[in-house]
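Scroll down for the structure; my scribbles are underneath it.
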2 protein chains.
Amino acid sequence: MSGLAIGDVAERTGLAVSAIRFYEEHGIVRPLRNAGGHRRYDRADIRRLSFVMIAQRLGFPLARIAALLEELPDERRVTKADWTRLSTQFRGEIDARIAALERLRDRLDGCIGCGCLSLESCALHNPDDAQAKEGPGPRKLLDEDGQLPG
Amino acid sequence: MSGLAIGDVAERTGLAVSAIRFYEEHGIVRPLRNAGGHRRYDRADIRRLSFVMIAQRLGFPLARIAALLEELPDERRVTKADWTRLSTQFRGEIDARIAALERLRDRLDGCIGCGCLSLESCALHNPDDAQAKEGPGPRKLLDEDGQLPG
DNA sequence: GTACTTTCTCAAGTGCGCTTTAGGTCAAGC
DNA sequence: GCTTGACCTAAAGCGCACTTGAGAAAGTAC
């Protein structure tokens with residue numbers, strides 16, 4: 001009746017059913033239940049899950065994503081302005097990552113050109129680039145701040 | 001005497017001693033041993049480790065990195081041309097990632113502008129972008145090919 | 001030569017993000 | 001009504017990338 005079953009959500013988002021339940025354990029979605037105890041999702045949930053997928057692609061740890069979604073007013077009363085705010089923050093993140101990659105590329109170009117064979121000094125041993133991390137190593141996420149400004 | 005101790009390498013690269021040993025188990029470096037059985041590293045090893053750090057930042061799984069390094073001729077006789085080839089391949093990877101991020105950004109701009117509240121359809125439910133993944137989720141690495149062309 | 005630090009090996013543990021398994025219950029089609 | 005498939009919970013397992021711990025040997029500083 002009202003709401004999608006978990007299997008439908010899985011199909012629409014491309015996530016595994018188990019992953020969706022896992023996200024619920026982490027407070028990312030809070031579906032209603034029908035009389036039989038089955039989860040029922042609405043479009044807001046799908047939106048949240050999609051947001052998770054994008055954020056993960058950008059290397060955000062789940063805990064951080066959960067925290068961000070927590071800031072949205074009420075689970076089922078999110079306005080256009082709320083999503084716009086979130087999206088705009090993400091835009092900033094994406095821009096930052098693009099800039100970091102461009103710096104790395106330029107640095108690497110230098111290495112290729114000069115043949116110095118010293119990646120460690122020209123591309124890596126450069127403190128301000130150490131913050132411009134990309135993909136998250138498991139442990140890297142902890143002591144680092146690939147965070148959204150908000 | 002000849003070669004650096006593991007602690008020195010740790011200090012120079014910023015890696016933990018345990019991580020360096022871990023990489024050795026995975027064939028990424030093969031340091032010599034002194035009379036007492038202690039590892040001795042040279043500059044080539046540091047270069048390899050630096051390469052690992054950069055590649056990881058780009059989201060490459062260790063196994064893939066190890067395979068790439070495996071292709072380098074002899075552990076201690078790597079030429080400028082070898083490194084240049086590797087670096088050039090990486091440049092391609094970086095360019096691809098920048099392009100993917102730019103596509104995502106443009107897509108997101110559309111969402112912000114139109115206020116459609118449908119991230120799932122405009123930013124995500126788009127097959128050709130599903131391949132343009134960024135950071136590697138644990139499982140994502142398996143069925144995916146954020147690979148170097150070489 | 002004694003004290004202290006570093007390194008050694010090997011095994012077990014950790015954190016994240018899920019998946020799998022086991023043993024059931026619920027819902028939909030015939 | 002009955003069967004078949006989707007769903008339920010709880011607990012355990014997995015893959016990656018490391019870290020930690022224990023006990024011993026090697027190196028270094030005085």
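Ordered as shown in the structure tokens, chains take letters A, B, and onward, while each chain numbers its residues from 1 and ligands are numbered from 1 in the order shown.
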| query | Using only C-alpha atoms (C1' of nucleotides), which residues sit within 10 Å of range 21-30 of chain C once same-chain residues fewer than 6 positions away are excluded, as a VMD selection string? | reply | (chain A and resid 35 to 38) or (chain D and resid 2 to 13)
Just N, CA and C atoms (P, O5', C5', C4', C3', O3' and C1' of nucleotides) for this one: save the residues we selected as a CSV table (one decimal), in the first residue's frame.
chain,number,residue,atom,x,y,z
A,35,ALA,N,1.8,-3.6,9.2
A,35,ALA,CA,1.3,-4.5,10.2
A,35,ALA,C,2.2,-5.8,10.4
A,36,GLY,N,2.7,-6.3,9.4
A,36,GLY,CA,3.5,-7.5,9.5
A,36,GLY,C,4.9,-7.3,9.9
A,37,GLY,N,5.3,-6.0,10.1
A,37,GLY,CA,6.7,-5.7,10.6
A,37,GLY,C,7.6,-5.5,9.4
A,38,HIS,N,7.1,-5.4,8.2
A,38,HIS,CA,8.0,-5.2,7.1
A,38,HIS,C,8.2,-3.7,6.9
D,2,DC,P,-4.0,-26.5,3.0
D,2,DC,O5',-3.0,-26.1,1.8
D,2,DC,C5',-3.4,-26.2,0.4
D,2,DC,C4',-2.2,-25.7,-0.4
D,2,DC,C3',-0.9,-25.9,0.2
D,2,DC,O3',0.1,-26.3,-0.8
D,2,DC,C1',-1.2,-23.6,-0.3
D,3,DT,P,1.4,-27.0,-0.3
D,3,DT,O5',2.5,-26.4,-1.4
D,3,DT,C5',2.0,-26.1,-2.7
D,3,DT,C4',2.6,-24.7,-3.2
D,3,DT,C3',4.1,-24.6,-2.9
D,3,DT,O3',4.7,-24.2,-4.1
D,3,DT,C1',3.0,-22.7,-2.2
D,4,DT,P,6.2,-24.6,-4.5
D,4,DT,O5',6.8,-23.3,-5.0
D,4,DT,C5',6.0,-22.3,-5.7
D,4,DT,C4',6.4,-20.9,-5.3
D,4,DT,C3',7.9,-20.7,-5.0
D,4,DT,O3',8.3,-19.7,-5.9
D,4,DT,C1',6.6,-19.7,-3.4
D,5,DG,P,9.9,-19.5,-6.1
D,5,DG,O5',10.1,-18.0,-5.7
D,5,DG,C5',9.2,-17.0,-6.1
D,5,DG,C4',9.1,-15.9,-5.1
D,5,DG,C3',10.4,-15.3,-4.8
D,5,DG,O3',10.3,-13.9,-4.9
D,5,DG,C1',9.2,-15.8,-2.8
D,6,DA,P,11.6,-13.0,-4.8
D,6,DA,O5',11.3,-12.0,-3.6
D,6,DA,C5',10.0,-11.3,-3.6
D,6,DA,C4',9.8,-10.8,-2.2
D,6,DA,C3',11.0,-10.0,-1.6
D,6,DA,O3',10.5,-8.8,-1.1
D,6,DA,C1',10.1,-11.7,-0.1
D,7,DC,P,11.5,-7.7,-0.5
D,7,DC,O5',11.4,-8.0,1.0
D,7,DC,C5',10.1,-7.9,1.7
D,7,DC,C4',10.3,-8.5,3.1
D,7,DC,C3',11.4,-7.9,3.9
D,7,DC,O3',11.0,-6.9,4.8
D,7,DC,C1',11.0,-10.3,4.3
D,8,DC,P,12.0,-6.4,5.9
D,8,DC,O5',12.0,-7.5,7.0
D,8,DC,C5',10.9,-7.5,7.9
D,8,DC,C4',11.2,-8.5,9.1
D,8,DC,C3',12.6,-8.2,9.8
D,8,DC,O3',12.4,-7.3,10.8
D,8,DC,C1',12.2,-10.6,9.4
D,9,DT,P,13.7,-6.7,11.4
D,9,DT,O5',14.3,-7.8,12.4
D,9,DT,C5',13.5,-8.4,13.4
D,9,DT,C4',14.4,-9.4,14.2
D,9,DT,C3',15.7,-8.8,14.7
D,9,DT,O3',15.8,-9.1,16.1
D,9,DT,C1',16.1,-10.7,13.4
D,10,DA,P,16.9,-8.4,16.9
D,10,DA,O5',18.0,-9.5,17.2
D,10,DA,C5',17.6,-10.9,17.2
D,10,DA,C4',18.9,-11.7,17.1
D,10,DA,C3',20.1,-11.0,17.5
D,10,DA,O3',20.8,-11.8,18.4
D,10,DA,C1',20.4,-11.8,15.3
D,11,DA,P,22.3,-11.3,19.0
D,11,DA,O5',23.3,-12.2,18.2
D,11,DA,C5',22.9,-13.6,17.8
D,11,DA,C4',23.9,-14.2,16.9
D,11,DA,C3',25.4,-13.7,17.2
D,11,DA,O3',26.2,-14.8,17.1
D,11,DA,C1',24.9,-13.2,15.0
D,12,DA,P,27.8,-14.7,17.5
D,12,DA,O5',28.5,-15.4,16.3
D,12,DA,C5',27.9,-16.3,15.4
D,12,DA,C4',28.4,-16.2,14.0
D,12,DA,C3',29.9,-16.0,14.0
D,12,DA,O3',30.5,-16.9,13.1
D,12,DA,C1',28.8,-14.4,12.6
D,13,DG,P,32.0,-17.0,12.8
D,13,DG,O5',32.1,-16.4,11.3
D,13,DG,C5',31.2,-16.8,10.3
D,13,DG,C4',31.5,-16.1,9.0
D,13,DG,C3',33.1,-15.9,8.8
D,13,DG,O3',33.4,-16.2,7.5
D,13,DG,C1',31.9,-13.8,8.7
| message | Please identify all residues of chain C having at least one atom at most 12 Å from any atom of chain A, considering only C-alpha atoms (C1' of nucleotides), and return them as a VMD selection string. | response | chain C and resid 14 to 20 25 to 27
| request: Select residues of chain D: the criterion is any atom within 7 Å of an atom of chain B, counting only C-alpha atoms (C1' of nucleotides); output as a PyMOL selection string. | output: chain D and resi 15-16+18+26
| said: Please report the interatomic distance between CA of Arg43 in chain B and CA of Gly3 in chain B in Å with one decimal. | reply: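 The value is 8.4 Å.
Closest approach to chain B among A:Gly7, A:Gly92, A:Gly110, A:Gly59: A:Gly59, based on only C-alpha atoms.
Interatomic distance, CA of Ala44 in chain B to CA of Ile98 in chain B: 29.3 Å.
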| message | Neighbouring residues of DT28 in chain D were defined as those with any atom within 12 Å, considering only C-alpha atoms (C1' of nucleotides); residues of the same chain fewer than 5 positions away were excluded. Please report them as a PyMOL selection string. | response | chain C and resi 2-6
| request: Take CA of Val17 in chain A and CA of Tyr41 in chain A and report the distance between them in Å, one decimal. | output: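 Computed distance, CA of Val17 in chain A to CA of Tyr41 in chain A, equals 12.5 Å.
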